[in-house]
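Asks: Supplied structure: final_20.cif, mmCIF, C-alpha atoms.
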```
data_entry
#
loop_
_atom_site.label_atom_id
_atom_site.label_comp_id
_atom_site.auth_asym_id
_atom_site.auth_seq_id
_atom_site.Cartn_x
_atom_site.Cartn_y
_atom_site.Cartn_z
CA MET A 3 161.30 -118.76 -6.58
CA ALA A 4 160.92 -121.41 -3.89
CA GLN A 5 158.46 -120.63 -1.16
CA ALA A 6 160.00 -120.18 2.27
CA THR A 7 159.08 -123.07 4.56
CA PRO A 8 157.30 -121.72 7.61
CA THR A 9 159.05 -122.81 10.77
CA VAL A 10 157.70 -122.48 14.27
CA ARG A 11 160.26 -122.20 17.01
CA GLY A 12 159.23 -123.86 20.24
CA GLY A 13 155.58 -123.34 19.42
CA THR A 14 154.28 -125.70 22.09
CA HIS A 15 151.36 -123.55 23.14
CA GLY A 16 148.95 -125.65 25.19
CA GLY A 17 145.95 -126.42 22.99
CA ALA A 18 142.75 -128.39 23.40
CA GLY A 19 144.72 -131.49 24.41
CA GLN A 20 146.21 -129.70 27.41
CA PRO A 21 145.05 -131.12 30.76
CA ARG A 22 142.79 -128.75 32.72
CA GLY A 23 144.41 -126.68 35.44
CA LYS A 24 147.81 -126.67 33.84
CA VAL A 25 149.27 -123.32 32.92
CA SER A 26 150.50 -123.14 29.37
CA PHE A 27 153.45 -120.98 28.36
CA TYR A 28 154.00 -119.42 24.99
CA ARG A 29 157.60 -120.28 24.27
CA GLY A 30 158.38 -118.11 21.31
CA GLY A 31 162.15 -118.49 21.35
CA GLU A 32 164.62 -115.62 20.94
CA GLY A 33 162.17 -113.55 18.89
CA MET A 34 159.98 -113.24 21.97
CA VAL A 35 162.95 -112.21 24.12
CA THR A 36 163.84 -109.37 21.74
CA TRP A 37 160.16 -108.34 21.66
CA VAL A 38 160.04 -108.11 25.48
CA LEU A 39 163.37 -106.25 25.61
CA HIS A 40 162.11 -103.82 22.95
CA ARG A 41 159.07 -102.98 25.11
CA VAL A 42 160.99 -102.76 28.39
CA THR A 43 163.73 -100.51 26.94
CA GLY A 44 161.09 -98.42 25.14
CA VAL A 45 159.14 -97.70 28.32
CA ALA A 46 162.36 -96.94 30.23
CA ILE A 47 163.57 -94.52 27.53
CA PHE A 48 160.16 -92.76 27.42
CA ALA A 49 160.23 -92.34 31.22
CA PHE A 50 163.73 -90.87 30.99
CA LEU A 51 162.66 -88.55 28.15
CA PHE A 52 159.92 -87.12 30.39
CA ALA A 53 162.47 -86.39 33.16
CA HIS A 54 164.94 -85.01 30.59
CA VAL A 55 162.39 -82.51 29.20
CA LEU A 56 161.71 -81.31 32.77
CA ASP A 57 165.39 -80.89 33.75
CA THR A 58 166.29 -79.13 30.50
CA SER A 59 163.36 -76.72 30.91
CA LEU A 60 165.15 -75.32 34.00
CA VAL A 61 167.63 -73.69 31.64
CA VAL A 62 165.04 -70.97 30.94
CA VAL A 63 163.97 -70.76 34.60
CA ASP A 64 167.21 -70.11 36.45
CA GLU A 65 170.92 -70.59 35.65
CA GLY A 66 171.83 -71.66 39.21
CA LEU A 67 168.89 -74.05 39.49
CA TYR A 68 169.80 -75.73 36.17
CA ASN A 69 173.45 -76.06 37.18
CA GLY A 70 172.42 -77.52 40.55
CA VAL A 71 170.23 -80.21 38.98
CA ILE A 72 172.82 -81.09 36.30
CA GLU A 73 175.45 -81.32 39.07
CA THR A 74 173.55 -84.32 40.54
CA TYR A 75 173.91 -86.02 37.13
CA HIS A 76 177.68 -86.00 37.63
CA SER A 77 177.48 -88.33 40.65
CA PRO A 78 178.77 -91.89 40.13
CA VAL A 79 175.40 -93.52 40.92
CA ILE A 80 173.62 -91.45 38.27
CA ARG A 81 176.50 -92.10 35.86
CA LEU A 82 175.74 -95.82 36.28
CA LEU A 83 172.07 -95.18 35.40
CA GLU A 84 173.26 -93.08 32.45
CA MET A 85 175.25 -96.07 31.15
CA GLY A 86 172.12 -98.20 31.48
CA LEU A 87 170.18 -95.60 29.48
CA VAL A 88 172.73 -95.57 26.67
CA VAL A 89 172.77 -99.38 26.52
CA ALA A 90 168.93 -99.39 26.45
CA VAL A 91 168.86 -96.86 23.59
CA LEU A 92 171.42 -98.93 21.63
CA TYR A 93 169.37 -102.10 22.08
CA HIS A 94 166.06 -100.44 21.17
CA GLY A 95 167.53 -98.71 18.12
CA LEU A 96 169.30 -101.77 16.69
CA ASN A 97 166.32 -104.06 17.33
CA GLY A 98 163.99 -101.49 15.74
CA LEU A 99 166.25 -101.35 12.70
CA ARG A 100 165.97 -105.15 12.34
CA ILE A 101 162.17 -104.99 12.62
CA THR A 102 162.11 -102.28 9.95
CA LEU A 103 164.32 -104.37 7.65
CA ILE A 104 162.02 -107.39 8.12
CA ASP A 105 159.09 -105.20 7.01
CA PHE A 106 160.67 -103.23 4.17
CA TRP A 107 163.59 -105.28 2.80
CA SER A 108 162.46 -107.98 0.38
CA GLN A 109 165.00 -110.40 1.92
CA GLY A 110 164.28 -109.21 5.48
CA ALA A 111 162.16 -112.06 6.79
CA ALA A 112 164.36 -114.71 5.15
CA ARG A 113 167.54 -113.15 6.58
CA ASN A 114 166.21 -112.69 10.11
CA THR A 115 168.60 -115.19 11.70
CA MET A 116 171.59 -113.47 10.14
CA MET A 117 170.28 -110.00 11.10
CA MET A 118 169.68 -111.22 14.64
CA ARG A 119 173.36 -112.19 14.91
CA VAL A 120 174.64 -108.94 13.35
CA GLN A 121 172.33 -106.93 15.60
CA HIS A 122 173.61 -108.52 18.80
CA VAL A 123 177.28 -108.39 17.81
CA LEU A 124 176.82 -104.69 16.97
CA PHE A 125 174.99 -104.19 20.26
CA VAL A 126 177.84 -105.68 22.30
CA VAL A 127 180.53 -103.76 20.37
CA LEU A 128 178.70 -100.39 20.52
CA SER A 129 177.78 -100.93 24.19
CA LEU A 130 181.41 -101.53 25.11
CA GLY A 131 182.40 -98.54 22.97
CA ALA A 132 179.99 -96.40 25.02
CA VAL A 133 180.35 -97.89 28.51
CA ILE A 134 184.18 -97.93 28.56
CA PRO A 135 184.72 -94.16 28.00
CA MET A 136 181.80 -93.36 30.34
CA GLY A 137 183.25 -95.66 32.99
CA LEU A 138 186.70 -94.10 32.63
CA ALA A 139 185.24 -90.58 32.91
CA THR A 140 183.35 -91.65 36.05
CA ILE A 141 186.44 -93.20 37.65
CA GLN A 142 188.40 -90.05 36.89
CA GLU A 143 185.69 -87.96 38.53
CA ILE A 144 185.71 -90.17 41.63
CA THR A 145 189.48 -89.91 42.01
CA GLU A 146 189.26 -86.12 41.63
CA ASN A 147 186.18 -85.32 43.71
CA GLY A 148 185.44 -88.47 45.73
CA ILE A 149 182.10 -90.24 45.80
CA ILE A 150 179.35 -87.67 46.23
CA MET B 17 154.33 -114.15 -5.55
CA ALA B 18 151.15 -113.18 -7.39
CA THR B 19 149.87 -116.74 -7.29
CA SER B 20 149.65 -116.51 -3.50
CA ILE B 21 146.36 -114.63 -3.96
CA GLN B 22 144.81 -117.93 -4.96
CA ASN B 23 146.71 -119.85 -2.30
CA PRO B 24 144.04 -121.65 -0.22
CA GLU B 25 146.50 -121.78 2.70
CA ILE B 26 146.27 -118.02 3.16
CA ASP B 27 143.50 -116.69 5.39
CA THR B 28 141.81 -113.84 3.50
CA ARG B 29 139.08 -113.19 6.04
CA VAL B 30 138.78 -109.57 7.22
CA SER B 31 138.96 -108.96 10.97
CA PRO B 32 135.94 -107.41 12.76
CA ALA B 33 138.09 -104.40 13.72
CA ARG B 34 138.93 -103.79 10.05
CA GLN B 35 135.25 -104.18 9.03
CA ARG B 36 134.22 -101.47 11.51
CA THR B 37 136.41 -98.77 9.95
CA THR B 38 137.69 -97.45 6.66
CA SER B 39 140.35 -95.37 8.42
CA ASN B 40 143.99 -96.08 7.67
CA ALA B 41 145.18 -94.33 10.86
CA GLU B 42 146.68 -97.51 12.31
CA PHE B 43 148.57 -98.16 9.09
CA TYR B 44 150.03 -94.64 9.20
CA SER B 45 151.00 -95.09 12.86
CA TRP B 46 152.82 -98.30 11.83
CA VAL B 47 154.66 -96.45 9.04
CA PHE B 48 155.43 -93.53 11.38
CA MET B 49 157.11 -95.85 13.90
CA ARG B 50 159.50 -97.12 11.24
CA VAL B 51 160.25 -93.76 9.59
CA SER B 52 160.67 -91.88 12.88
CA GLY B 53 162.66 -94.83 14.25
CA ILE B 54 165.24 -94.60 11.46
CA LEU B 55 165.48 -90.80 11.86
CA LEU B 56 165.83 -91.17 15.63
CA ILE B 57 168.71 -93.64 15.27
CA GLY B 58 170.68 -90.92 13.43
CA LEU B 59 169.58 -88.10 15.75
CA ILE B 60 169.89 -89.88 19.11
CA PHE B 61 173.05 -91.91 18.45
CA THR B 62 174.80 -88.65 17.44
CA HIS B 63 173.31 -86.89 20.48
CA ILE B 64 174.62 -89.64 22.79
CA GLY B 65 178.07 -89.50 21.19
CA ILE B 66 178.36 -85.73 21.70
CA MET B 67 176.60 -85.33 25.07
CA HIS B 68 177.61 -88.54 26.83
CA LEU B 69 180.82 -89.92 25.33
CA ILE B 70 183.30 -87.36 24.00
CA GLU B 71 185.23 -84.78 26.06
CA GLY B 72 184.12 -86.11 29.44
CA GLY B 73 180.43 -86.50 28.51
CA VAL B 74 177.77 -85.16 30.88
CA GLY B 75 180.56 -84.09 33.30
CA ARG B 76 181.18 -80.95 31.21
CA VAL B 77 177.51 -80.01 30.72
CA ASN B 78 176.25 -76.89 32.53
CA PHE B 79 174.47 -73.62 31.75
CA ALA B 80 177.48 -72.19 29.90
CA PHE B 81 177.67 -75.35 27.77
CA VAL B 82 174.01 -74.96 26.78
CA CYS B 83 174.72 -71.32 25.88
CA GLY B 84 177.34 -72.43 23.37
CA ARG B 85 175.21 -75.24 22.02
CA TRP B 86 172.01 -73.26 21.55
CA SER B 87 173.70 -70.14 20.14
CA GLY B 88 172.62 -71.05 16.60
CA PRO B 89 169.66 -72.64 14.85
CA PHE B 90 171.44 -75.90 13.89
CA TRP B 91 171.46 -77.68 17.28
CA GLN B 92 168.22 -75.95 18.31
CA THR B 93 166.52 -77.53 15.28
CA TRP B 94 168.30 -80.85 15.93
CA ASP B 95 167.17 -80.95 19.56
CA TRP B 96 163.63 -79.92 18.68
CA ALA B 97 163.42 -82.69 16.04
CA GLN B 98 164.57 -85.18 18.69
CA LEU B 99 162.00 -83.91 21.16
CA PHE B 100 159.15 -84.01 18.67
CA LEU B 101 159.92 -87.38 17.04
CA ALA B 102 160.96 -89.17 20.25
CA THR B 103 157.87 -88.01 22.15
CA LEU B 104 155.49 -89.06 19.37
CA HIS B 105 157.36 -92.36 18.82
CA GLY B 106 157.39 -93.08 22.57
CA ALA B 107 153.77 -92.06 23.07
CA ASN B 108 152.61 -94.24 20.18
CA GLY B 109 154.56 -97.18 21.62
CA MET B 110 152.97 -96.56 25.02
CA ARG B 111 149.56 -96.46 23.30
CA TRP B 112 150.20 -99.92 21.82
CA ILE B 113 151.32 -101.21 25.23
CA ILE B 114 148.26 -99.78 27.01
CA ARG B 115 146.02 -101.34 24.35
CA ASP B 116 147.69 -104.71 24.98
CA TYR B 117 147.58 -104.77 28.77
CA VAL B 118 144.83 -102.43 30.02
CA ARG B 119 141.62 -104.34 29.26
CA SER B 120 138.93 -102.50 31.21
CA PRO B 121 137.40 -99.75 29.01
CA GLN B 122 137.36 -97.26 31.86
CA ARG B 123 140.96 -97.80 32.92
CA ARG B 124 142.04 -97.80 29.26
CA PHE B 125 140.28 -94.45 28.71
CA TRP B 126 142.04 -92.83 31.67
CA SER B 127 145.44 -94.37 30.81
CA MET B 128 145.17 -93.03 27.26
CA THR B 129 144.01 -89.62 28.52
CA LEU B 130 146.98 -89.41 30.90
CA LEU B 131 149.34 -90.48 28.12
CA TYR B 132 148.05 -87.82 25.71
CA VAL B 133 148.22 -85.12 28.40
CA VAL B 134 151.81 -86.10 29.30
CA ALA B 135 152.94 -86.27 25.65
CA THR B 136 151.37 -82.86 24.85
CA PHE B 137 152.99 -81.41 27.98
CA MET B 138 156.41 -82.75 26.93
CA ILE B 139 156.24 -81.31 23.42
CA VAL B 140 154.86 -77.94 24.61
CA LEU B 141 157.34 -77.53 27.49
CA GLY B 142 160.29 -78.69 25.36
CA THR B 143 159.34 -76.32 22.53
CA ILE B 144 158.97 -73.40 24.95
CA THR B 145 162.40 -74.23 26.40
CA ILE B 146 164.17 -74.25 23.04
CA VAL B 147 162.31 -71.23 21.62
CA THR B 148 162.50 -68.94 24.66
CA PHE B 149 166.11 -69.74 25.59
CA SER B 150 167.93 -66.54 24.84
CA PRO B 151 171.70 -66.34 24.39
CA ILE B 152 171.42 -62.79 25.80
CA ASP B 153 171.25 -64.41 29.25
CA CYS B 154 174.64 -65.95 28.50
CA ALA B 155 176.52 -62.70 28.04
CA PRO B 156 179.85 -62.47 29.89
CA SER B 157 179.35 -64.91 32.74
CA SER B 158 181.32 -64.29 35.90
#
```
Starting from the file, give its structure as structure tokens.
Replies:
Amino acid sequence: MAQATPTVRGGTHGGAGQPRGKVSFYRGGEGMVTWVLHRVTGVAIFAFLFAHVLDTSLVVVDEGLYNGVIETYHSPVIRLLEMGLVVAVLYHGLNGLRITLIDFWSQGAARNTMMMRVQHVLFVVLSLGAVIPMGLATIQEITENGII
Amino acid sequence: MATSIQNPEIDTRVSPARQRTTSNAEFYSWVFMRVSGILLIGLIFTHIGIMHLIEGGVGRVNFAFVCGRWSGPFWQTWDWAQLFLATLHGANGMRWIIRDYVRSPQRRFWSMTLLYVVATFMIVLGTITIVTFSPIDCAPSS
């Protein structure tokens, strides 16, 4: 079996030859972008999970209190945030699946470019599949109840 | 392949961090992230489909909806699995992030302490919520 040739994408990290006083940037290419997005979406989802545990706990405190808090989730502004949350979860999940395949699938590292493409096509398709019905439900709510 | 063991190109030196410990805890945390991640994709994607997309999504959720949903052990177990796995997965990710960006030992100690307190609180409060929720409270609502 031929050994995979290691390739470095945009690896122009400033080394010893770099003039003093110049800031060097690690330019890791698209792999670095997905790494940053994985962290950002992860932190955002964890923050939401904290809030979600608190709001759900009200269900054992008081029926009216729970209904009141959930009612605020029906407002169009929060529905927009909700769409952002769903898109963040989709991105984090699909990217995590690719990372797992790189680690556990014998062809994973070699097929990364292909998986990257599949991942992002799936992300766009699933995001549209989620955002469109949520958007329609929100528009329907606005036409029925106005913007509250 | 097996010959790569003799490959002089490969750096076989052991890092100082690895020399200081014989614990495999970090390896297990790495495995946990992948295993829990795959489980969470199934759990959370289904959860999002049911709670956010079909039949008007969150717009139909209220106390009466929770009564129907938590009237049997299936969704109670499902939701508890989500709570437990997502909190541990999220907390471990936050631990890696803190370790990357919080350099001062003192600030790292307090960040980690806060993280562990918050994660424990989330699992305890969420478990209490699911376990103590009683469908008796749901009886004929006005």
Asks: Name every residue that the PyMOL selection byres ((chain B) within 6 of (chain A)) selects in this structure, writing the answer as a ChimeraX atom specification with chains first and numbers rising.
Replies: /B:50,57,72,75,78,106,142,145,149
Asks: What is the distance between atom CA of B:Leu59 and atom CA of A:Met116, in Å to one decimal?
Replies: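 One can read the atom CA of B:Leu59 to atom CA of A:Met116 distance as 26.1 Å.
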Asks: So what do you get for atom CA of B:Thr62 versus atom CA of B:Trp94, distance-wise?
Replies: 10.3 Å
Asks: So the first atom is atom CA of B:Cys83 and the second is atom CA of B:Met67; what is the distance between them in Å, to one decimal place?
Replies: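 About the pair atom CA of B:Cys83 and atom CA of B:Met67: they are 14.2 Å apart.
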Asks: Quick one: which residues end up in the PyMOL selection byres ((chain A and resi 36) around 12) for this structure, as a list in words?
Replies: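 Checking the PyMOL selection byres ((chain A and resi 36) around 12) against this file, the residues are Gly30, Gly31, Glu32, Gly33, Met34, Val35, Trp37, Val38, Leu39, His40, Arg41, Val42, Thr43, Gly44, Tyr93, His94, Gly95, Leu96, Asn97, Gly98, Arg100, Ile101, Met118, Gln121 and His122 of chain A.
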Asks: Taking C-alpha atoms for each residue, export the selection above as a CSV table (one decimal), in the frame of the given file.
Replies:
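And here is the file that came out, result.csv:
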```csv
chain,number,residue,atom,x,y,z
A,30,GLY,CA,158.4,-118.1,21.3
A,31,GLY,CA,162.2,-118.5,21.4
A,32,GLU,CA,164.6,-115.6,20.9
A,33,GLY,CA,162.2,-113.6,18.9
A,34,MET,CA,160.0,-113.2,22.0
A,35,VAL,CA,163.0,-112.2,24.1
A,37,TRP,CA,160.2,-108.3,21.7
A,38,VAL,CA,160.0,-108.1,25.5
A,39,LEU,CA,163.4,-106.2,25.6
A,40,HIS,CA,162.1,-103.8,23.0
A,41,ARG,CA,159.1,-103.0,25.1
A,42,VAL,CA,161.0,-102.8,28.4
A,43,THR,CA,163.7,-100.5,26.9
A,44,GLY,CA,161.1,-98.4,25.1
A,93,TYR,CA,169.4,-102.1,22.1
A,94,HIS,CA,166.1,-100.4,21.2
A,95,GLY,CA,167.5,-98.7,18.1
A,96,LEU,CA,169.3,-101.8,16.7
A,97,ASN,CA,166.3,-104.1,17.3
A,98,GLY,CA,164.0,-101.5,15.7
A,100,ARG,CA,166.0,-105.2,12.3
A,101,ILE,CA,162.2,-105.0,12.6
A,118,MET,CA,169.7,-111.2,14.6
A,121,GLN,CA,172.3,-106.9,15.6
A,122,HIS,CA,173.6,-108.5,18.8
```
Asks: Distance cut-off 12 Å, centre (159.6, -89.7, 9.9) in file coordinates, counting all atoms listed in the file: which residues qualify? Return them as a PDB file with C-alpha atoms, in the frame of the given file.
Replies:
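Result file selection.pdb:
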```
ATOM      1  CA  TYR B  44     150.030 -94.640   9.200  1.00  0.00           C
ATOM      2  CA  SER B  45     151.000 -95.090  12.860  1.00  0.00           C
ATOM      3  CA  TRP B  46     152.820 -98.300  11.830  1.00  0.00           C
ATOM      4  CA  VAL B  47     154.660 -96.450   9.040  1.00  0.00           C
ATOM      5  CA  PHE B  48     155.430 -93.530  11.380  1.00  0.00           C
ATOM      6  CA  MET B  49     157.110 -95.850  13.900  1.00  0.00           C
ATOM      7  CA  ARG B  50     159.500 -97.120  11.240  1.00  0.00           C
ATOM      8  CA  VAL B  51     160.250 -93.760   9.590  1.00  0.00           C
ATOM      9  CA  SER B  52     160.670 -91.880  12.880  1.00  0.00           C
ATOM     10  CA  GLY B  53     162.660 -94.830  14.250  1.00  0.00           C
ATOM     11  CA  ILE B  54     165.240 -94.600  11.460  1.00  0.00           C
ATOM     12  CA  LEU B  55     165.480 -90.800  11.860  1.00  0.00           C
ATOM     13  CA  LEU B  56     165.830 -91.170  15.630  1.00  0.00           C
ATOM     14  CA  ILE B  57     168.710 -93.640  15.270  1.00  0.00           C
ATOM     15  CA  GLY B  58     170.680 -90.920  13.430  1.00  0.00           C
ATOM     16  CA  LEU B  59     169.580 -88.100  15.750  1.00  0.00           C
ATOM     17  CA  ALA B  97     163.420 -82.690  16.040  1.00  0.00           C
ATOM     18  CA  GLN B  98     164.570 -85.180  18.690  1.00  0.00           C
ATOM     19  CA  PHE B 100     159.150 -84.010  18.670  1.00  0.00           C
ATOM     20  CA  LEU B 101     159.920 -87.380  17.040  1.00  0.00           C
ATOM     21  CA  ALA B 102     160.960 -89.170  20.250  1.00  0.00           C
ATOM     22  CA  LEU B 104     155.490 -89.060  19.370  1.00  0.00           C
ATOM     23  CA  HIS B 105     157.360 -92.360  18.820  1.00  0.00           C
TER      24      HIS B 105
END
```
Asks: As a ChimeraX atom specification, please: the residues near B:Gln92 (cut-off 9 Å, only C-alpha atoms, same-chain neighbours under 5 positions excluded).
Replies: /B:85-87,97,146-147
Asks: Which of these residues is nearest to A:Phe125, using all atoms listed in the file: A:Trp107, A:Val89, A:Tyr28, A:Leu82?
Replies: A:Val89
Asks: Show which residues sit within 9 Å of B:Cys154, as a list in words. Count only C-alpha atoms, and ignore same-chain residues fewer than 6 positions away.
Replies: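 Counting only C-alpha atoms, the residues come to Phe79, Ala80, Cys83 and Gly84 of chain B.
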